[in-house]
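Heads up: the structure comes next, in structure tokens.
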2 protein chains.
Amino acid sequence: MAQNSTSTSHDYEEKLQGLLDVAATIFADKGYHHASIRDLSRKAGVSLSGLYYYFSSKEELLYMIQERSLRRIVDSLRDKLEDLDNPEEKLRALVHNHVSFYVSNMAAMRVITQEYDALEGEYRTKIRERRLEYSNLCTEILREVRRFTGGGDVVPLNVATFALFGMMNWIYAWYRPGSNVPTERLAEHLYRLFAGGFTGARRR
Amino acid sequence: MAQNSTSTSHDYEEKLQGLLDVAATIFADKGYHHASIRDLSRKAGVSLSGLYYYFSSKEELLYMIQERSLRRIVDSLRDKLEDLDNPEEKLRALVHNHVSFYVSNMAAMRVITQEYDALEGEYRTKIRERRLEYSNLCTEILREVRRFTGGGDVVPLNVATFALFGMMNWIYAWYRPGSNVPTERLAEHLYRLFAGGFTGARRR
DNA sequence: CGGGTTAGGTCGAACGCTCGATCGGTGAAC
DNA sequence: GTTCACCGATCGAGCGTTCGACCTAACCCG
């Protein structure tokens, strides 16, 4: 039987995370359904059956990849928000946090973006809750920004939230780290594009 | 042998398009790799082998779905642009065209957005060319807008292009037609969010 | 008009392959 | 001697694709 999280040793945790990282790149490359456990077995240098010591099904593997990354990105955001009061700075922190995490964990973030539908039942429910927690956090920041800047009420907050995530999550489709646009500047571009439209939009 | 496009009868073309529509909803639901030709056979009421009269492989099926929709959306955009001179109105037309087509062809557009990587070889090359044609069209309009409004040069045109497509293509993840935000208004929201940030962004 | 040939459209059965998962076993560590 | 970490062999299911056969409507030639 695989260990539960309370009795997890250091070595076990490290190897599991290594497997999750390799699996994330394979899922990101070929898509969850097209990728096979045998691919992971080969790339990780572990026998097919040996893998099942670390997870109990392919779907649990997908779940763990998504759960861990979502937790890390939200934790990291909450951490940065603690030092900030200005709503526009909070929004800026959100964009920079998301983009920088996205670029340095491109495989896992792509899996989160593209393979949510591959989850079923309780796995799906739990990931949906984590996603909701994140997007609610974003919506609340946008609400503060609107109150702070006295902006119009043209664009509904949920539409603005999804537009922002759309901009940021589309990164995988075109951006390559090491391009002539450094990650830091990419984040600032996206922040200004969005914030300019969000705080500037007025009825005609 | 399946007919070629020049000798295509009316009935043949109609039935093929019907199969493509059903296939698009299945691919959108389950993902290309997870969906099976047998699923299509059941939903379309055609025998498994009978399907191969209309296409020669699962991948060609995916290709035809993407190719036809991309062609239609670009043709429709070019048509609308003909009557316009004002760059901001052109940008507005692009957003409205994309969003309205996206919403009324959600399944096919989702396949285009998510299953590009599933194509290989020549199929992939041809779809890449069509995508490039579309995004170049968008970039050129943004260049005109920038010249017209005398906006700053803060955000590179390609970054702005991808940000805009990201906003629009994320629709599948949250928007449901018949929600309390009508499609027309959704398009206008996205246009104002983007245009406000794009024409308004200045160096600090 | 009538018999024979062709072409369009469809089908059931089957082939060869890959997949996720299981099971009994093995050896080292404590 | 129990627990941890891992493995080879195998199972049953589902996959994309092919093949030969079938039916029907249209067409040609006497």
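Residues in the structure tokens are named by chain (A, B, ... in the order shown) and by number from 1 within that chain; ligands are numbered from 1 in the order shown.
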Please report as a tab-separated table every residue of chain C lying within 10 Å of chain B, along with the nearest atom pair and their distance in Å (one decimal), using only C-alpha atoms (C1' of nucleotides).
```
residue	atom	partner	partner_atom	distance
C:DG8	C1'	B:Met1	CA	9.1
C:DG9	C1'	B:Tyr53	CA	7.9
C:DT10	C1'	B:Gly50	CA	5.6
C:DC11	C1'	B:Ser47	CA	6.5
C:DG12	C1'	B:Ser49	CA	8.9
```
Dump as an mmCIF file, in the first residue's frame, selection limited to all heavy atoms:
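Result file is selection00.cif:
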```cif
data_model
loop_
_atom_site.group_PDB
_atom_site.id
_atom_site.type_symbol
_atom_site.label_atom_id
_atom_site.label_comp_id
_atom_site.auth_asym_id
_atom_site.auth_seq_id
_atom_site.Cartn_x
_atom_site.Cartn_y
_atom_site.Cartn_z
ATOM 1 P P DG C 8 -19.078 6.641 -58.059
ATOM 2 O OP1 DG C 8 -18.841 8.079 -58.256
ATOM 3 O OP2 DG C 8 -17.999 5.750 -57.599
ATOM 4 O "O5'" DG C 8 -20.327 6.473 -57.083
ATOM 5 C "C5'" DG C 8 -21.584 7.064 -57.444
ATOM 6 C "C4'" DG C 8 -22.578 6.899 -56.312
ATOM 7 O "O4'" DG C 8 -22.870 5.485 -56.149
ATOM 8 C "C3'" DG C 8 -22.065 7.374 -54.955
ATOM 9 O "O3'" DG C 8 -23.165 7.957 -54.262
ATOM 10 C "C2'" DG C 8 -21.574 6.103 -54.282
ATOM 11 C "C1'" DG C 8 -22.530 5.054 -54.843
ATOM 12 N N9 DG C 8 -21.974 3.715 -54.977
ATOM 13 C C8 DG C 8 -20.716 3.366 -55.423
ATOM 14 N N7 DG C 8 -20.523 2.079 -55.445
ATOM 15 C C5 DG C 8 -21.717 1.543 -54.988
ATOM 16 C C6 DG C 8 -22.109 0.183 -54.789
ATOM 17 O O6 DG C 8 -21.453 -0.846 -54.999
ATOM 18 N N1 DG C 8 -23.421 0.085 -54.312
ATOM 19 C C2 DG C 8 -24.241 1.151 -54.073
ATOM 20 N N2 DG C 8 -25.458 0.861 -53.618
ATOM 21 N N3 DG C 8 -23.894 2.426 -54.248
ATOM 22 C C4 DG C 8 -22.623 2.533 -54.707
ATOM 23 P P DG C 9 -22.902 8.805 -52.930
ATOM 24 O OP1 DG C 9 -23.948 9.840 -52.850
ATOM 25 O OP2 DG C 9 -21.474 9.162 -52.896
ATOM 26 O "O5'" DG C 9 -23.183 7.715 -51.802
ATOM 27 C "C5'" DG C 9 -24.510 7.227 -51.620
ATOM 28 C "C4'" DG C 9 -24.496 6.019 -50.707
ATOM 29 O "O4'" DG C 9 -23.759 4.935 -51.316
ATOM 30 C "C3'" DG C 9 -23.858 6.211 -49.326
ATOM 31 O "O3'" DG C 9 -24.910 6.165 -48.373
ATOM 32 C "C2'" DG C 9 -22.882 5.035 -49.183
ATOM 33 C "C1'" DG C 9 -23.365 4.088 -50.263
ATOM 34 N N9 DG C 9 -22.391 3.125 -50.776
ATOM 35 C C8 DG C 9 -21.144 3.386 -51.298
ATOM 36 N N7 DG C 9 -20.513 2.312 -51.685
ATOM 37 C C5 DG C 9 -21.378 1.268 -51.382
ATOM 38 C C6 DG C 9 -21.235 -0.132 -51.559
ATOM 39 O O6 DG C 9 -20.278 -0.749 -52.042
ATOM 40 N N1 DG C 9 -22.360 -0.811 -51.120
ATOM 41 C C2 DG C 9 -23.479 -0.228 -50.575
ATOM 42 N N2 DG C 9 -24.467 -1.039 -50.218
ATOM 43 N N3 DG C 9 -23.632 1.073 -50.410
ATOM 44 C C4 DG C 9 -22.552 1.760 -50.822
ATOM 45 P P DT C 10 -24.624 6.361 -46.811
ATOM 46 O OP1 DT C 10 -25.873 6.930 -46.236
ATOM 47 O OP2 DT C 10 -23.341 7.067 -46.659
ATOM 48 O "O5'" DT C 10 -24.477 4.883 -46.245
ATOM 49 C "C5'" DT C 10 -25.563 3.976 -46.398
ATOM 50 C "C4'" DT C 10 -25.118 2.568 -46.075
ATOM 51 O "O4'" DT C 10 -24.104 2.120 -47.009
ATOM 52 C "C3'" DT C 10 -24.464 2.367 -44.707
ATOM 53 O "O3'" DT C 10 -25.440 1.913 -43.788
ATOM 54 C "C2'" DT C 10 -23.369 1.331 -44.952
ATOM 55 C "C1'" DT C 10 -23.508 0.995 -46.427
ATOM 56 N N1 DT C 10 -22.212 0.720 -47.119
ATOM 57 C C2 DT C 10 -21.901 -0.584 -47.419
ATOM 58 O O2 DT C 10 -22.623 -1.526 -47.148
ATOM 59 N N3 DT C 10 -20.693 -0.763 -48.041
ATOM 60 C C4 DT C 10 -19.794 0.226 -48.386
ATOM 61 O O4 DT C 10 -18.738 -0.054 -48.950
ATOM 62 C C5 DT C 10 -20.176 1.569 -48.041
ATOM 63 C C7 DT C 10 -19.272 2.720 -48.363
ATOM 64 C C6 DT C 10 -21.362 1.758 -47.427
ATOM 65 P P DC C 11 -25.096 1.741 -42.244
ATOM 66 O OP1 DC C 11 -26.374 1.806 -41.498
ATOM 67 O OP2 DC C 11 -23.986 2.644 -41.911
ATOM 68 O "O5'" DC C 11 -24.563 0.240 -42.179
ATOM 69 C "C5'" DC C 11 -25.399 -0.834 -42.630
ATOM 70 C "C4'" DC C 11 -24.600 -2.121 -42.709
ATOM 71 O "O4'" DC C 11 -23.578 -1.989 -43.712
ATOM 72 C "C3'" DC C 11 -23.870 -2.488 -41.418
ATOM 73 O "O3'" DC C 11 -24.613 -3.466 -40.703
ATOM 74 C "C2'" DC C 11 -22.502 -3.014 -41.888
ATOM 75 C "C1'" DC C 11 -22.548 -2.896 -43.405
ATOM 76 N N1 DC C 11 -21.288 -2.356 -44.002
ATOM 77 C C2 DC C 11 -20.359 -3.240 -44.574
ATOM 78 O O2 DC C 11 -20.593 -4.458 -44.554
ATOM 79 N N3 DC C 11 -19.225 -2.747 -45.126
ATOM 80 C C4 DC C 11 -19.014 -1.436 -45.118
ATOM 81 N N4 DC C 11 -17.883 -0.979 -45.679
ATOM 82 C C5 DC C 11 -19.929 -0.512 -44.551
ATOM 83 C C6 DC C 11 -21.042 -1.018 -44.007
ATOM 84 P P DG C 12 -24.328 -3.769 -39.183
ATOM 85 O OP1 DG C 12 -25.612 -4.022 -38.489
ATOM 86 O OP2 DG C 12 -23.426 -2.717 -38.673
ATOM 87 O "O5'" DG C 12 -23.508 -5.128 -39.257
ATOM 88 C "C5'" DG C 12 -24.009 -6.212 -40.043
ATOM 89 C "C4'" DG C 12 -23.028 -7.372 -40.044
ATOM 90 O "O4'" DG C 12 -21.866 -7.038 -40.846
ATOM 91 C "C3'" DG C 12 -22.478 -7.796 -38.680
ATOM 92 O "O3'" DG C 12 -22.343 -9.218 -38.674
ATOM 93 C "C2'" DG C 12 -21.147 -7.051 -38.587
ATOM 94 C "C1'" DG C 12 -20.687 -7.014 -40.043
ATOM 95 N N9 DG C 12 -19.950 -5.814 -40.430
ATOM 96 C C8 DG C 12 -20.224 -4.521 -40.068
ATOM 97 N N7 DG C 12 -19.398 -3.650 -40.587
ATOM 98 C C5 DG C 12 -18.525 -4.415 -41.335
ATOM 99 C C6 DG C 12 -17.411 -4.020 -42.128
ATOM 100 O O6 DG C 12 -16.983 -2.880 -42.318
ATOM 101 N N1 DG C 12 -16.781 -5.100 -42.730
ATOM 102 C C2 DG C 12 -17.190 -6.409 -42.590
ATOM 103 N N2 DG C 12 -16.470 -7.313 -43.244
ATOM 104 N N3 DG C 12 -18.226 -6.795 -41.854
ATOM 105 C C4 DG C 12 -18.842 -5.751 -41.251
#
```
Select residues of chain B: the criterion is any atom within 8 Å of an atom of chain D, counting only C-alpha atoms (C1' of nucleotides); output as a PDB file with C-alpha atoms, in the first residue's frame.
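The resulting file, part_31.pdb, is reproduced below:
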```
ATOM      1  CA  SER B  36     -13.566   7.105 -30.396  1.00  0.00           C
ATOM      2  CA  ILE B  37     -14.790   6.598 -33.916  1.00  0.00           C
ATOM      3  CA  LYS B  58      -9.625   9.995 -37.524  1.00  0.00           C
TER       4      LYS B  58
END
```
Write out as a Markdown table a residue-level contact list of chain B versus chain A with cut-off 7 Å: for each qualifying residue the closest pair of atoms and the distance in Å to one decimal, counting only C-alpha atoms, rows sorted by chain and residue number upward.
```
| residue | atom | partner | partner_atom | distance |
| --- | --- | --- | --- | --- |
| B:His33 | CA | A:His34 | CA | 5.7 |
| B:His34 | CA | A:His33 | CA | 5.7 |
| B:Val155 | CA | A:His189 | CA | 5.7 |
| B:Ala163 | CA | A:Met167 | CA | 4.7 |
| B:Leu164 | CA | A:Met167 | CA | 6.8 |
| B:Gly166 | CA | A:Met167 | CA | 4.4 |
| B:Met167 | CA | A:Gly166 | CA | 4.4 |
| B:Trp170 | CA | A:Gly166 | CA | 4.8 |
| B:His189 | CA | A:Val155 | CA | 5.7 |
| B:Arg192 | CA | A:Ala201 | CA | 6.1 |
| B:Leu193 | CA | A:Gly197 | CA | 4.2 |
| B:Phe194 | CA | A:Gly197 | CA | 5.7 |
| B:Ala195 | CA | A:Gly197 | CA | 6.6 |
| B:Gly196 | CA | A:Gly197 | CA | 3.9 |
| B:Gly197 | CA | A:Gly197 | CA | 3.9 |
| B:Phe198 | CA | A:Leu193 | CA | 5.6 |
| B:Gly200 | CA | A:Gly196 | CA | 6.1 |
| B:Ala201 | CA | A:Gly196 | CA | 6.0 |
```
Would you mind exporting the chosen residues as a PDB file, in the first residue's frame, restricted to C-alpha atoms?
```
ATOM      1  CA  HIS B  33      -7.748  11.206 -28.161  1.00  0.00           C
ATOM      2  CA  HIS B  34     -10.344   9.984 -25.677  1.00  0.00           C
ATOM      3  CA  VAL B 155       3.051  46.649 -25.269  1.00  0.00           C
ATOM      4  CA  ALA B 163      -3.582  38.560 -25.006  1.00  0.00           C
ATOM      5  CA  LEU B 164      -6.669  39.368 -27.051  1.00  0.00           C
ATOM      6  CA  GLY B 166      -6.511  34.509 -24.890  1.00  0.00           C
ATOM      7  CA  MET B 167      -9.383  36.592 -23.557  1.00  0.00           C
ATOM      8  CA  TRP B 170     -11.111  31.278 -22.771  1.00  0.00           C
ATOM      9  CA  HIS B 189     -17.375  43.902 -22.758  1.00  0.00           C
ATOM     10  CA  ARG B 192     -13.856  47.596 -24.233  1.00  0.00           C
ATOM     11  CA  LEU B 193     -11.641  45.768 -21.761  1.00  0.00           C
ATOM     12  CA  PHE B 194      -9.033  45.153 -24.395  1.00  0.00           C
ATOM     13  CA  ALA B 195      -9.278  48.372 -26.384  1.00  0.00           C
ATOM     14  CA  GLY B 196      -9.190  50.462 -23.199  1.00  0.00           C
ATOM     15  CA  GLY B 197      -5.976  48.839 -22.089  1.00  0.00           C
ATOM     16  CA  PHE B 198      -4.407  48.758 -25.520  1.00  0.00           C
ATOM     17  CA  GLY B 200      -4.681  53.668 -22.968  1.00  0.00           C
ATOM     18  CA  ALA B 201      -1.479  51.993 -21.787  1.00  0.00           C
TER      19      ALA B 201
END
```
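For the pair C1' of DA21 in chain C and CA of Leu40 in chain B, the interatomic distance is 27.1 Å.
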request  = Would you please give, as a ChimeraX atom specification, all residues of range 35-178 of chain A that DSSP assigns to alpha helix (DSSP H) based on the backbone?
outcome  = /A:37-44,48-51,58-81,87-104,106-114,121-149,157-169
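With only C-alpha atoms (C1' of nucleotides) taken into account, the protein and nucleic acid residues at most 9 Å from Glu60 in chain A (excluding it and anything under 4 positions from it in its own chain) are A:Phe55, A:Ser56, A:Met64, A:Ile65, A:Leu119, A:Tyr123.
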Limited to C-alpha atoms, could you put the picked residues into a file as a compact mmCIF listing (two decimals), in the first residue's frame?
```txt
# COMPACT_ATOMS: atom_id res chain seq x y z
CA PHE A 55 -0.32 6.36 -6.90
CA SER A 56 -3.33 4.15 -7.30
CA MET A 64 -2.16 15.30 -7.61
CA ILE A 65 -0.45 17.36 -10.31
CA LEU A 119 -11.11 14.54 -13.97
CA TYR A 123 -11.31 14.50 -7.92
```
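Straight-line separation from CA of Ala107 in chain B to CA of Val103 in chain A: 28.5 Å.
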message = Need the shell around Ile127 in chain B: protein/DNA/RNA residues with any atom at most 9 Å away, counting only C-alpha atoms (C1' of nucleotides). Skip same-chain ones fewer than 4 positions apart. Format as a VMD selection string?
response = chain B and resid 63 66 to 67 70 116 119 122 to 123 131 to 132
Could you save those same residues with all heavy atoms as an mmCIF file, in the first residue's frame?
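Output (selection36.cif):
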```
data_model
loop_
_atom_site.group_PDB
_atom_site.id
_atom_site.type_symbol
_atom_site.label_atom_id
_atom_site.label_comp_id
_atom_site.auth_asym_id
_atom_site.auth_seq_id
_atom_site.Cartn_x
_atom_site.Cartn_y
_atom_site.Cartn_z
ATOM 1 N N TYR B 63 -8.865 17.325 -38.824
ATOM 2 C CA TYR B 63 -8.375 18.382 -39.710
ATOM 3 C C TYR B 63 -9.528 19.120 -40.384
ATOM 4 O O TYR B 63 -9.558 20.351 -40.415
ATOM 5 C CB TYR B 63 -7.428 17.799 -40.755
ATOM 6 C CG TYR B 63 -7.126 18.730 -41.898
ATOM 7 C CD1 TYR B 63 -6.268 19.808 -41.718
ATOM 8 C CD2 TYR B 63 -7.718 18.541 -43.139
ATOM 9 C CE1 TYR B 63 -5.998 20.679 -42.765
ATOM 10 C CE2 TYR B 63 -7.454 19.407 -44.184
ATOM 11 C CZ TYR B 63 -6.592 20.471 -43.990
ATOM 12 O OH TYR B 63 -6.339 21.333 -45.017
ATOM 13 N N GLN B 66 -11.324 21.586 -38.123
ATOM 14 C CA GLN B 66 -10.582 22.806 -37.859
ATOM 15 C C GLN B 66 -10.501 23.674 -39.107
ATOM 16 O O GLN B 66 -10.681 24.886 -39.055
ATOM 17 C CB GLN B 66 -9.171 22.470 -37.356
ATOM 18 C CG GLN B 66 -9.183 21.639 -36.077
ATOM 19 C CD GLN B 66 -7.861 21.705 -35.319
ATOM 20 O OE1 GLN B 66 -7.076 22.612 -35.498
ATOM 21 N NE2 GLN B 66 -7.626 20.734 -34.450
ATOM 22 N N GLU B 67 -10.214 23.047 -40.247
ATOM 23 C CA GLU B 67 -10.011 23.803 -41.469
ATOM 24 C C GLU B 67 -11.274 24.578 -41.869
ATOM 25 O O GLU B 67 -11.211 25.770 -42.152
ATOM 26 C CB GLU B 67 -9.597 22.841 -42.599
ATOM 27 C CG GLU B 67 -8.645 23.446 -43.605
ATOM 28 C CD GLU B 67 -9.372 24.279 -44.631
ATOM 29 O OE1 GLU B 67 -10.575 24.000 -44.898
ATOM 30 O OE2 GLU B 67 -8.775 25.206 -45.179
ATOM 31 N N LEU B 70 -12.010 27.528 -39.350
ATOM 32 C CA LEU B 70 -11.065 28.627 -39.489
ATOM 33 C C LEU B 70 -11.337 29.412 -40.765
ATOM 34 O O LEU B 70 -11.307 30.644 -40.780
ATOM 35 C CB LEU B 70 -9.622 28.099 -39.492
ATOM 36 C CG LEU B 70 -9.026 27.801 -38.117
ATOM 37 C CD1 LEU B 70 -7.680 27.111 -38.258
ATOM 38 C CD2 LEU B 70 -8.869 29.088 -37.317
ATOM 39 N N TYR B 116 -5.198 21.530 -31.438
ATOM 40 C CA TYR B 116 -4.247 21.810 -32.510
ATOM 41 C C TYR B 116 -3.051 20.854 -32.439
ATOM 42 O O TYR B 116 -2.575 20.347 -33.451
ATOM 43 C CB TYR B 116 -3.783 23.266 -32.432
ATOM 44 C CG TYR B 116 -2.573 23.567 -33.268
ATOM 45 C CD1 TYR B 116 -2.631 23.555 -34.658
ATOM 46 C CD2 TYR B 116 -1.347 23.855 -32.674
ATOM 47 C CE1 TYR B 116 -1.522 23.819 -35.425
ATOM 48 C CE2 TYR B 116 -0.219 24.124 -33.438
ATOM 49 C CZ TYR B 116 -0.317 24.100 -34.804
ATOM 50 O OH TYR B 116 0.800 24.351 -35.562
ATOM 51 N N LEU B 119 -2.825 17.361 -34.187
ATOM 52 C CA LEU B 119 -2.534 17.218 -35.614
ATOM 53 C C LEU B 119 -1.038 17.022 -35.826
ATOM 54 O O LEU B 119 -0.216 17.527 -35.072
ATOM 55 C CB LEU B 119 -3.003 18.463 -36.370
ATOM 56 C CG LEU B 119 -4.502 18.679 -36.449
ATOM 57 C CD1 LEU B 119 -4.824 20.063 -36.998
ATOM 58 C CD2 LEU B 119 -5.162 17.618 -37.313
ATOM 59 N N GLU B 122 1.465 17.201 -42.377
ATOM 60 C CA GLU B 122 0.931 18.204 -43.290
ATOM 61 C C GLU B 122 -0.361 18.831 -42.771
ATOM 62 O O GLU B 122 -0.599 20.017 -42.968
ATOM 63 C CB GLU B 122 0.698 17.577 -44.667
ATOM 64 C CG GLU B 122 0.506 18.612 -45.764
ATOM 65 C CD GLU B 122 0.645 18.007 -47.151
ATOM 66 O OE1 GLU B 122 1.051 16.829 -47.241
ATOM 67 O OE2 GLU B 122 0.334 18.704 -48.118
ATOM 68 N N TYR B 123 -1.187 18.006 -42.122
ATOM 69 C CA TYR B 123 -2.407 18.564 -41.529
ATOM 70 C C TYR B 123 -2.052 19.723 -40.604
ATOM 71 O O TYR B 123 -2.651 20.787 -40.646
ATOM 72 C CB TYR B 123 -3.138 17.488 -40.721
ATOM 73 C CG TYR B 123 -3.808 16.424 -41.554
ATOM 74 C CD1 TYR B 123 -3.756 15.084 -41.182
ATOM 75 C CD2 TYR B 123 -4.526 16.757 -42.708
ATOM 76 C CE1 TYR B 123 -4.377 14.098 -41.938
ATOM 77 C CE2 TYR B 123 -5.152 15.785 -43.462
ATOM 78 C CZ TYR B 123 -5.079 14.455 -43.075
ATOM 79 O OH TYR B 123 -5.708 13.492 -43.821
ATOM 80 N N ARG B 131 -4.055 29.569 -39.042
ATOM 81 C CA ARG B 131 -4.025 30.307 -37.771
ATOM 82 C C ARG B 131 -3.168 31.551 -37.915
ATOM 83 O O ARG B 131 -3.508 32.628 -37.410
ATOM 84 C CB ARG B 131 -3.439 29.430 -36.670
ATOM 85 C CG ARG B 131 -4.398 28.378 -36.117
ATOM 86 C CD ARG B 131 -3.627 27.400 -35.260
ATOM 87 N NE ARG B 131 -4.459 26.728 -34.278
ATOM 88 C CZ ARG B 131 -4.356 26.900 -32.977
ATOM 89 N NH1 ARG B 131 -3.449 27.718 -32.472
ATOM 90 N NH2 ARG B 131 -5.153 26.260 -32.143
ATOM 91 N N LEU B 132 -2.048 31.398 -38.597
ATOM 92 C CA LEU B 132 -1.124 32.519 -38.765
ATOM 93 C C LEU B 132 -1.784 33.626 -39.582
ATOM 94 O O LEU B 132 -1.644 34.821 -39.279
ATOM 95 C CB LEU B 132 0.140 32.015 -39.471
ATOM 96 C CG LEU B 132 1.409 32.828 -39.247
ATOM 97 C CD1 LEU B 132 1.734 32.887 -37.758
ATOM 98 C CD2 LEU B 132 2.580 32.223 -40.013
#
```
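The shell of residues at most 10 Å from range 73-86 of chain A, with only C-alpha atoms (C1' of nucleotides) counted and near chain neighbours (fewer than 4 positions) removed, consists of Arg68, Ser69, Lys90, Leu91, Arg92, Ala93, Leu94, Val95, His96, Asn97, His98, Ser100, Phe101, Tyr102, Met109, Arg130, Arg131, Glu133, Tyr134, Ser135, Leu137, Glu144, Val145 and Phe148 of chain A.
Coordinates place CA of Val111 in chain A at a distance of 5.6 Å from CA of Ala28 in chain A.
Of the residues under consideration (A:Gln17, A:Thr25, A:Ser9, A:Ser57), A:Ser57 shows the shortest atom-to-atom contact distance to DG20 in chain C when counting only C-alpha atoms (C1' of nucleotides).
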